[in-house]
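Colleague: Below you'll find the structure I mean.
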Amino acid sequence: MTEMTYRQALHDTLRSELQRDENVMLMGEEIGIFDGSYKITAGLLKEFGERRVRDTPIEELGFTGAAIGAAMLGLRPVVEIMTINFSLLALDQIVNHAAKIHGMFGGQMSVPMVIRTPGGGGQQLGASHSQNIELYYAFVPGLKVVAPSTPAEAKALLMASIRDDDPVLFLENLALYNTKGEVPDGLEPAVIGKAKVTREGKDLTLIGYSRMALVAQQVADRLAESEGLDIEVIDLRSLRPLDRDTVVESVKKTNAAVVLEDDWLTYGIGAEIAATISDGAFDYLDAPVRRVAMAEVPMPYAKPLETAALPSVDDVINAVHETLDAVGRRR
Amino acid sequence: MAAPAKTTRSASTRTAGKAGSRSPRRPKIDDAERARLTAYYKQMLLIRRFEERAQRAYTEALIGGYCHLNLGEEAAVAGLLGELNPGDYLFTNYREHGYALARGIDPRKVMAELYGRVDGVSKGWGGSMHMFDVTHRMLGGYGIVGGQLPIATGAALALQYQSRPDIVMCTMGDGTVATGAFHESLNLAGLWDLPIVYVIINNGLGMGTDVAHSSAEPDLYKRGAAYRIESARVNGLDPEEAAAGAKRAVEVARGGRPYLLEVMTERLRGHSVVDPAKYRSPEDVAALKLNDPVQTFAAKLKDAGVLDDDAVAEFDREAIAIVDDAAAFAADSPTPETSTLFDYTYATPVPNDSRRYPGEALFPALPVAAGAAGRNA
Ligand SMILES: Cc1ncc(C[n+]2csc(CCOP(=O)(O)OP(=O)(O)O)c2C)c(N)n1
Ligand SMILES: [Mg+2]
């Protein structure tokens with residue numbers, strides 16, 4: 001076991017994957033000479049050289065598409081898009097090409113590439129820089145979307161993503177980079193497509209991913225201490241494929257669920273989870289499924305407004321209380 | 001940038017239009033040269049007859065979707081692809097049936113793809129716009145205008161990374177140079193010395209919009225200068241001229257630099273089979289007849305004593321027999337089983353991948369309790 005930050009876990013994994021496989025190469029804006037906008041790639045240019053660690057011009061469409069072509073010919077490019085907001089400029093290459101090439105050409109070639117990119121909010125970056133739009137990618141068959149919440153998950157999922165034969169969007173989070181956690185020595189790559197019950201409980205299920213999976217843990221711990229509640233927590237880890245069974249099995253046991261998401265509520269990932277619970281555990285529910293999500297506004301800059309727009313621990317506790325009240329009325 | 005032989009469309013048009021006129025003296029042509037010229041002609045004729053057959057099948061509803069033909073581009077296709085080695089990679093747009101044929105893909109498999117059958121190059125998953133054959137290193141067939149450019153650029157990056165001797169050729173239409181993908185791709189290729197030939201097939205039109213209305217610099221090859229990429233314009237109505245342009249381009253790419261080649265062609269019909277092209281002026285349409293590359297090249301070869309009328313007729317019968325056979329093969333090939341619907345979403349199996357048909361429930365229904373009122377009770 002080693003304690004390290006989420007950032008360090010990402011850095012170390014990129015480094016060990018570069019050492020492990022000559023075909024792994026990194027591409028992105030400012031990842032080399034600048035050491036990475038968020039310093040995930042610090043020192044890697046110096047160690048591996050320009051061939052393996054390639055600074056690109058500011059052309060998300062161009063270099064993301066180039067990674068697709070390189071992947072088709074056998075490389076394993078890991079692209080860094082500075083933040084997920086800028087991935088919109090590469091949307092055509094990601095959605096119309098990376099996700100389609102295997103199927104559209106009858107399975108003749110695969111696209112083993114990774115797009116690493118952080119979502120976020122809460123950094124006072126304003127509307128265009130504070131979005132969580134992983135949903136756009138999670139919507140698309142042919143893509144895989146993973147969203148680690150801890151340093152250990154970051155490492156296990158990044159190894160899995162780089163070694164995967166399909167295009168993977170690897171969602172990071174600005175607010176997680178400095179968080180710390182234990183990373184077991186000799187950690188194996190994760191299995192993409194599986195959620196994880198990170199805390200067992202029987203009173204209610206909290207479901208989240210990325211930063212909100214951590215918030216779910218905090219809420220569960222707090223309510224256990226203050227009110228003796230026994231809450232189960234699920235970290236989705238993979239948004240596509242979506243592990244519906246783990247969610248449904250949990251709700252069959254707890255009979256109540258609150259879904260946490262850092263994206264907007266309407267049409268969001270929480271809506272998909274709520275629909276899944278309705279399909280798979282309708283007869284077990286003792287209360288409507290609640291969703292806690294970002295306020296539906298372009299994110300403001302001013303701190304009090306920004307804070308009000310983001311889901312907080314208190315917001316989640318409130319939703320848990322109201323859900324358990326509804327359960328109490330029915331039982 | 002090479003100085004172009006012809007800098008305007010009308011100039012190249014006039015030259016090509018005269019190709020059929022008699023020249024007073026015939027230079028001696030040896031057997032190898034004769035074989036090379038004949039091969040161009042046969043290639044062009046195959047594309048012509050194949051596209052006509054595809055057009056017919058489309059109107060008979062045997063082919064679905066969009067169907068864009070290479071009619072008018074036969075000389076360009078034959079000339080360009082003749083300069084590639086089998087190890088090189090080709091990326092094209094959606095107007096690519098002829099490229100697939102000239103790359104050596106079996107016409108039966110190309111036609112079967114148009115018909116959406118299992119024996120199609122892409123097993124019926126791609127259709128007219130998405131021909132792909134990994135064994136012939138034709139890596140698509142892309143329906144999004146400009147979509148192939150960044151990908152082809154990345155393929156060239158992989159070749160450089162792996163120190164391989166092969167190059168990439170990436171074709172596009174004149175309308176495509178306006179996209180951001182064009183700029184971003186050429187910028188990368190110029191910066192990184194990538195072994196790639198970008199080819200603009202300038203047929204003067206993107207759907208109904210002519211070059212004067214789509215590019216602020218209508219001499220499209222000149223755009224190479226912005227990326228320090230050597231470039232030239234050639235007449236694409238003659239396979240030898242297209243080949244000469246491609247030869248230089250391929251040589252530069254093999255030397256480790258990108259190249260931009262503009263090939264002047266004509267689009268003899270509408271944008272796709274269903275487009276009557278009413279936006280073209282009568283003079284424009286009349287001029288097309290003089291610029292039909294298959295006709296003018298046949299006249300040129302006859303004039304040079306390479307072919308006679310009998311040979312032309314014989315080659316035509318051969319080409320028609322090949323495309324008839326391809327159409328018969330395609331018609332006999334089975335349509336894909338619906339049980340294969342979920343086979344190609346991912347390259348490797350992944351837990352929880354959805355394999356649900358539209359009407360199926362996500363979770364099996366609970367058994368109805370004995371005595372409970374069911375839907376039909
Ligand atoms: C991104 C995108 N925008 C629009 C279209 C619709 N479209 C298909 S072909 C075409 C014209 C392209 O012209 P050009 O590049 O000259 O190629 P040509 O058809 O002449 O071969 C357009 C606008 C598309 N397929 N993709
Ligand atoms: Mg055109």
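Going by the structure tokens order, chains are called A, B, ..., each with residues numbered from 1, while ligands are numbered from 1 in the order shown.
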Enumerate as a PyMOL selection string all residues of stretch 149-325 of chain B assigned to helix (DSSP H, G or I) by DSSP on the backbone, naming them with the chain letters and numbers the document uses.
Modeller: chain B and resi 149-161+174-178+180-192+211-213+220-227+239-254+282-290+293-303+309-325
Colleague: Which polymer residues have any atom within 8 Å of an atom of A:Gly62, counting only C-alpha atoms, with same-chain residues fewer than 5 positions away left out, as number ranges by chain?
Modeller: A: 90; B: 150, 181, 184-185, 188
Colleague: Could you report the residues within 9 Å of ligand 2, using only C-alpha atoms and all ligand atoms, as a PDB file with N, CA, C and O atoms, in the first residue's frame?
Modeller:
```
ATOM      1  N   MET B 172      -9.912  13.840 -51.097  1.00  0.00           N
ATOM      2  CA  MET B 172     -11.053  14.638 -50.619  1.00  0.00           C
ATOM      3  C   MET B 172     -11.599  15.438 -51.795  1.00  0.00           C
ATOM      4  O   MET B 172     -10.941  15.540 -52.838  1.00  0.00           O
ATOM      5  N   GLY B 173     -12.761  16.050 -51.617  1.00  0.00           N
ATOM      6  CA  GLY B 173     -13.313  16.904 -52.659  1.00  0.00           C
ATOM      7  C   GLY B 173     -12.885  18.350 -52.489  1.00  0.00           C
ATOM      8  O   GLY B 173     -12.301  18.725 -51.461  1.00  0.00           O
ATOM      9  N   ASP B 174     -13.190  19.162 -53.494  1.00  0.00           N
ATOM     10  CA  ASP B 174     -12.866  20.594 -53.423  1.00  0.00           C
ATOM     11  C   ASP B 174     -13.620  21.283 -52.277  1.00  0.00           C
ATOM     12  O   ASP B 174     -13.105  22.197 -51.638  1.00  0.00           O
ATOM     13  N   GLY B 175     -14.846  20.809 -52.013  1.00  0.00           N
ATOM     14  CA  GLY B 175     -15.624  21.439 -50.949  1.00  0.00           C
ATOM     15  C   GLY B 175     -15.004  21.214 -49.575  1.00  0.00           C
ATOM     16  O   GLY B 175     -15.249  21.972 -48.632  1.00  0.00           O
ATOM     17  N   THR B 176     -14.193  20.190 -49.468  1.00  0.00           N
ATOM     18  CA  THR B 176     -13.649  19.764 -48.180  1.00  0.00           C
ATOM     19  C   THR B 176     -12.542  20.683 -47.663  1.00  0.00           C
ATOM     20  O   THR B 176     -12.272  20.723 -46.462  1.00  0.00           O
ATOM     21  N   ILE B 200      -6.716  16.707 -53.496  1.00  0.00           N
ATOM     22  CA  ILE B 200      -8.013  17.366 -53.674  1.00  0.00           C
ATOM     23  C   ILE B 200      -8.533  16.988 -55.061  1.00  0.00           C
ATOM     24  O   ILE B 200      -7.922  17.331 -56.071  1.00  0.00           O
ATOM     25  N   ILE B 201      -9.620  16.255 -55.084  1.00  0.00           N
ATOM     26  CA  ILE B 201     -10.268  15.959 -56.358  1.00  0.00           C
ATOM     27  C   ILE B 201     -11.200  17.141 -56.637  1.00  0.00           C
ATOM     28  O   ILE B 201     -12.301  17.226 -56.078  1.00  0.00           O
ATOM     29  N   ASN B 202     -10.722  18.049 -57.462  1.00  0.00           N
ATOM     30  CA  ASN B 202     -11.498  19.262 -57.723  1.00  0.00           C
ATOM     31  C   ASN B 202     -12.410  19.029 -58.928  1.00  0.00           C
ATOM     32  O   ASN B 202     -11.995  19.162 -60.075  1.00  0.00           O
ATOM     33  N   ASN B 203     -13.649  18.677 -58.614  1.00  0.00           N
ATOM     34  CA  ASN B 203     -14.623  18.497 -59.693  1.00  0.00           C
ATOM     35  C   ASN B 203     -15.475  19.750 -59.825  1.00  0.00           C
ATOM     36  O   ASN B 203     -16.521  19.756 -60.470  1.00  0.00           O
ATOM     37  N   GLY B 204     -15.040  20.812 -59.182  1.00  0.00           N
ATOM     38  CA  GLY B 204     -15.682  22.115 -59.362  1.00  0.00           C
ATOM     39  C   GLY B 204     -16.904  22.334 -58.504  1.00  0.00           C
ATOM     40  O   GLY B 204     -17.382  23.460 -58.382  1.00  0.00           O
ATOM     41  N   LEU B 205     -17.402  21.274 -57.900  1.00  0.00           N
ATOM     42  CA  LEU B 205     -18.657  21.385 -57.151  1.00  0.00           C
ATOM     43  C   LEU B 205     -18.625  20.585 -55.851  1.00  0.00           C
ATOM     44  O   LEU B 205     -18.078  19.485 -55.808  1.00  0.00           O
ATOM     45  N   GLY B 206     -19.217  21.155 -54.818  1.00  0.00           N
ATOM     46  CA  GLY B 206     -19.577  20.410 -53.620  1.00  0.00           C
ATOM     47  C   GLY B 206     -21.097  20.473 -53.572  1.00  0.00           C
ATOM     48  O   GLY B 206     -21.653  21.545 -53.348  1.00  0.00           O
ATOM     49  N   MET B 207     -21.755  19.382 -53.849  1.00  0.00           N
ATOM     50  CA  MET B 207     -23.203  19.355 -54.107  1.00  0.00           C
ATOM     51  C   MET B 207     -23.518  20.411 -55.176  1.00  0.00           C
ATOM     52  O   MET B 207     -23.104  20.243 -56.319  1.00  0.00           O
ATOM     53  N   THR B 209     -22.638  23.787 -54.809  1.00  0.00           N
ATOM     54  CA  THR B 209     -21.842  24.988 -54.559  1.00  0.00           C
ATOM     55  C   THR B 209     -20.512  24.910 -55.290  1.00  0.00           C
ATOM     56  O   THR B 209     -19.753  23.956 -55.089  1.00  0.00           O
ATOM     57  N   ASP B 210     -20.242  25.893 -56.138  1.00  0.00           N
ATOM     58  CA  ASP B 210     -18.981  25.807 -56.877  1.00  0.00           C
ATOM     59  C   ASP B 210     -17.830  26.392 -56.061  1.00  0.00           C
ATOM     60  O   ASP B 210     -18.026  27.007 -55.018  1.00  0.00           O
ATOM     61  N   VAL B 211     -16.626  26.143 -56.551  1.00  0.00           N
ATOM     62  CA  VAL B 211     -15.432  26.516 -55.794  1.00  0.00           C
ATOM     63  C   VAL B 211     -15.396  28.026 -55.533  1.00  0.00           C
ATOM     64  O   VAL B 211     -14.993  28.464 -54.456  1.00  0.00           O
ATOM     65  N   THR B 265     -10.892  17.650 -62.160  1.00  0.00           N
ATOM     66  CA  THR B 265     -11.745  16.645 -62.813  1.00  0.00           C
ATOM     67  C   THR B 265     -13.102  17.264 -63.129  1.00  0.00           C
ATOM     68  O   THR B 265     -13.303  18.463 -62.959  1.00  0.00           O
ATOM     69  N   GLU B 266     -13.994  16.430 -63.552  1.00  0.00           N
ATOM     70  CA  GLU B 266     -15.377  16.848 -63.777  1.00  0.00           C
ATOM     71  C   GLU B 266     -16.293  15.888 -63.032  1.00  0.00           C
ATOM     72  O   GLU B 266     -15.955  14.723 -62.840  1.00  0.00           O
ATOM     73  N   ARG B 267     -17.440  16.403 -62.629  1.00  0.00           N
ATOM     74  CA  ARG B 267     -18.480  15.521 -62.101  1.00  0.00           C
ATOM     75  C   ARG B 267     -19.524  15.435 -63.189  1.00  0.00           C
ATOM     76  O   ARG B 267     -20.256  16.386 -63.431  1.00  0.00           O
ATOM     77  N   HIS B 271     -24.768  15.270 -57.842  1.00  0.00           N
ATOM     78  CA  HIS B 271     -23.972  14.982 -56.643  1.00  0.00           C
ATOM     79  C   HIS B 271     -24.108  13.512 -56.249  1.00  0.00           C
ATOM     80  O   HIS B 271     -23.137  12.850 -55.921  1.00  0.00           O
TER      81      HIS B 271
END
```
Colleague: Need to verify the contact set: B:Val350, 8 Å, only C-alpha atoms, exclusion of same-chain residues closer than 4 positions in sequence. Can you return it as a compact mmCIF listing (two decimals) with all heavy atoms, in the first residue's frame?
Modeller:
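What ended up in out_18.txt:
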```txt
# COMPACT_ATOMS: atom_id res chain seq x y z
N ILE A 192 -13.41 -3.07 -17.08
CA ILE A 192 -14.28 -1.97 -17.51
C ILE A 192 -15.70 -2.50 -17.66
O ILE A 192 -15.91 -3.61 -18.14
CB ILE A 192 -13.75 -1.38 -18.84
CG1 ILE A 192 -12.42 -0.66 -18.58
CG2 ILE A 192 -14.77 -0.42 -19.46
CD1 ILE A 192 -11.77 -0.09 -19.82
N GLY A 193 -16.67 -1.69 -17.24
CA GLY A 193 -18.07 -2.09 -17.40
C GLY A 193 -18.69 -2.58 -16.11
O GLY A 193 -19.82 -3.04 -16.12
N PRO A 241 -19.95 0.70 -20.83
CA PRO A 241 -21.21 0.08 -20.47
C PRO A 241 -21.62 0.42 -19.04
O PRO A 241 -20.77 0.69 -18.20
CB PRO A 241 -20.94 -1.41 -20.60
CG PRO A 241 -19.73 -1.53 -21.45
CD PRO A 241 -18.93 -0.31 -21.20
N TYR B 346 -18.16 -3.42 -30.07
CA TYR B 346 -16.82 -3.34 -29.47
C TYR B 346 -15.93 -4.43 -30.05
O TYR B 346 -16.40 -5.49 -30.46
CB TYR B 346 -16.91 -3.49 -27.95
CG TYR B 346 -17.68 -2.34 -27.31
CD1 TYR B 346 -18.98 -2.51 -26.87
CD2 TYR B 346 -17.10 -1.07 -27.21
CE1 TYR B 346 -19.70 -1.45 -26.33
CE2 TYR B 346 -17.81 -0.01 -26.67
CZ TYR B 346 -19.10 -0.20 -26.23
OH TYR B 346 -19.79 0.85 -25.71
```
Colleague: Please provide the set of residues having any atom within 9 Å of B:Leu362, restricted to only C-alpha atoms, with same-chain residues fewer than 3 positions apart removed, written as a ChimeraX atom specification.
Modeller: /A:276,279-280 /B:356
Colleague: For the residues in that selection, give me N, CA and C atoms as a short mmCIF file (atom, residue, chain, number, x, y, z; two decimals), in the first residue's frame.
Modeller:
```cif
data_model
loop_
_atom_site.label_atom_id
_atom_site.label_comp_id
_atom_site.auth_asym_id
_atom_site.auth_seq_id
_atom_site.Cartn_x
_atom_site.Cartn_y
_atom_site.Cartn_z
N THR A 276 -33.48 2.84 -14.86
CA THR A 276 -33.00 1.47 -14.65
C THR A 276 -33.63 0.87 -13.40
N ASP A 279 -37.17 0.04 -14.03
CA ASP A 279 -37.31 -1.18 -14.83
C ASP A 279 -37.02 -2.44 -14.03
N GLY A 280 -35.99 -2.36 -13.19
CA GLY A 280 -35.49 -3.59 -12.57
C GLY A 280 -35.91 -3.81 -11.14
N ARG B 356 -29.76 -5.53 -26.40
CA ARG B 356 -31.21 -5.46 -26.30
C ARG B 356 -31.81 -4.98 -27.61
#
```
Colleague: Name the residues in contact with A:Lys46 at a cut-off of 10 Å, using only C-alpha atoms, excluding same-chain residues fewer than 5 positions from it; report them as a ChimeraX atom specification.
Modeller: /A:32-33,35,53
Colleague: Can you work out which residues from chain B touch chain A at a cut-off of 9 Å (counting only C-alpha atoms) and hand them back as a PyMOL selection string?
Modeller: chain B and resi 121-127+130-134+139-140+142+144+147-159+161-162+180-185+187-188+343-348+350-354+361-365
Colleague: I need the strand (DSSP E) residues of stretch 186-282 of chain B per DSSP on the backbone, written as a list of chain:residue names.
Modeller: B:Ile196, B:Val197, B:Tyr198, B:Val199, B:Ile200, B:Ile201, B:Asn202, B:Leu205, B:Gly206, B:Thr209, B:Asp210, B:Glu230, B:Ser231, B:Ala232, B:Arg233, B:Val234, B:Asn235, B:Tyr259, B:Leu260, B:Leu261, B:Glu262, B:Val263, B:Met264
Colleague: Can you work out the spacing between atom CA of A:Gly186 and atom CA of A:Tyr6 in Å, to one decimal?
Modeller: 16.8 Å
Colleague: Residues within 9 Å of stretch 52-62 of chain B, please, as a VMD selection string. Count only C-alpha atoms; anything in the same chain fewer than 4 positions from it doesn't count.
Modeller: chain B and resid 47 to 48 67 69 71 111 114 to 116 273 to 274 320 323 to 324 327 331
Colleague: Next, write the just-selected residues to a file, as a PDB file, in the first residue's frame, keeping C-alpha atoms as the atom set.
Modeller:
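Here's the written file part-v2.pdb:
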```pdb
ATOM      1  CA  ILE B  47     -15.026   2.139 -63.113  1.00  0.00           C
ATOM      2  CA  ARG B  48     -17.322   3.696 -65.728  1.00  0.00           C
ATOM      3  CA  CYS B  67     -24.989   6.742 -53.774  1.00  0.00           C
ATOM      4  CA  LEU B  69     -20.552   8.022 -58.313  1.00  0.00           C
ATOM      5  CA  LEU B  71     -18.318   9.329 -63.202  1.00  0.00           C
ATOM      6  CA  MET B 111     -21.091  -4.378 -55.402  1.00  0.00           C
ATOM      7  CA  LEU B 114     -23.635  -1.543 -52.148  1.00  0.00           C
ATOM      8  CA  TYR B 115     -26.365  -4.169 -51.925  1.00  0.00           C
ATOM      9  CA  GLY B 116     -25.857  -4.467 -48.153  1.00  0.00           C
ATOM     10  CA  VAL B 273     -27.741   9.353 -58.129  1.00  0.00           C
ATOM     11  CA  VAL B 274     -30.923  11.156 -57.108  1.00  0.00           C
ATOM     12  CA  ILE B 320     -19.617  -5.043 -68.766  1.00  0.00           C
ATOM     13  CA  VAL B 323     -19.900  -5.665 -63.566  1.00  0.00           C
ATOM     14  CA  ASP B 324     -22.787  -7.902 -64.597  1.00  0.00           C
ATOM     15  CA  ALA B 327     -24.246  -7.497 -59.735  1.00  0.00           C
ATOM     16  CA  ALA B 331     -27.926 -10.205 -55.704  1.00  0.00           C
TER      17      ALA B 331
END
```
Colleague: Work out how far apart atom CA of A:Leu285 and atom CA of A:Ser250 are and give it in Å to one decimal.
Modeller: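 Pair atom CA of A:Leu285 / atom CA of A:Ser250 returns 11.1 Å.
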Colleague: Could you please determine the separation between atom CA of B:Tyr89 and atom CA of B:Asp166 in Å, to one decimal place?
Modeller: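 These atoms are spaced 7.5 Å apart.
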Colleague: Counting only C-alpha atoms, which of B:Arg228, B:Lys300, B:Arg233, B:Lys42 gets nearest to B:Arg257?
Modeller: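 Answer, going by the shortest atom-to-atom distance: B:Arg228.
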Colleague: When distances are computed from only C-alpha atoms and all ligand atoms, which of A:Val320, A:Leu91, A:Ala274, A:Ala293 shows the smallest separation from ligand 1?
Modeller: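 For ligand 1, the nearest of the candidates is A:Leu91.
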Colleague: Kindly indicate which residue among B:Glu240, B:Glu83, B:Glu113, B:Glu51 lies nearest to B:Ser272, using only C-alpha atoms for the distances.
Modeller: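 Looking only at the distances to B:Ser272, the closest residue turns out to be B:Glu51.
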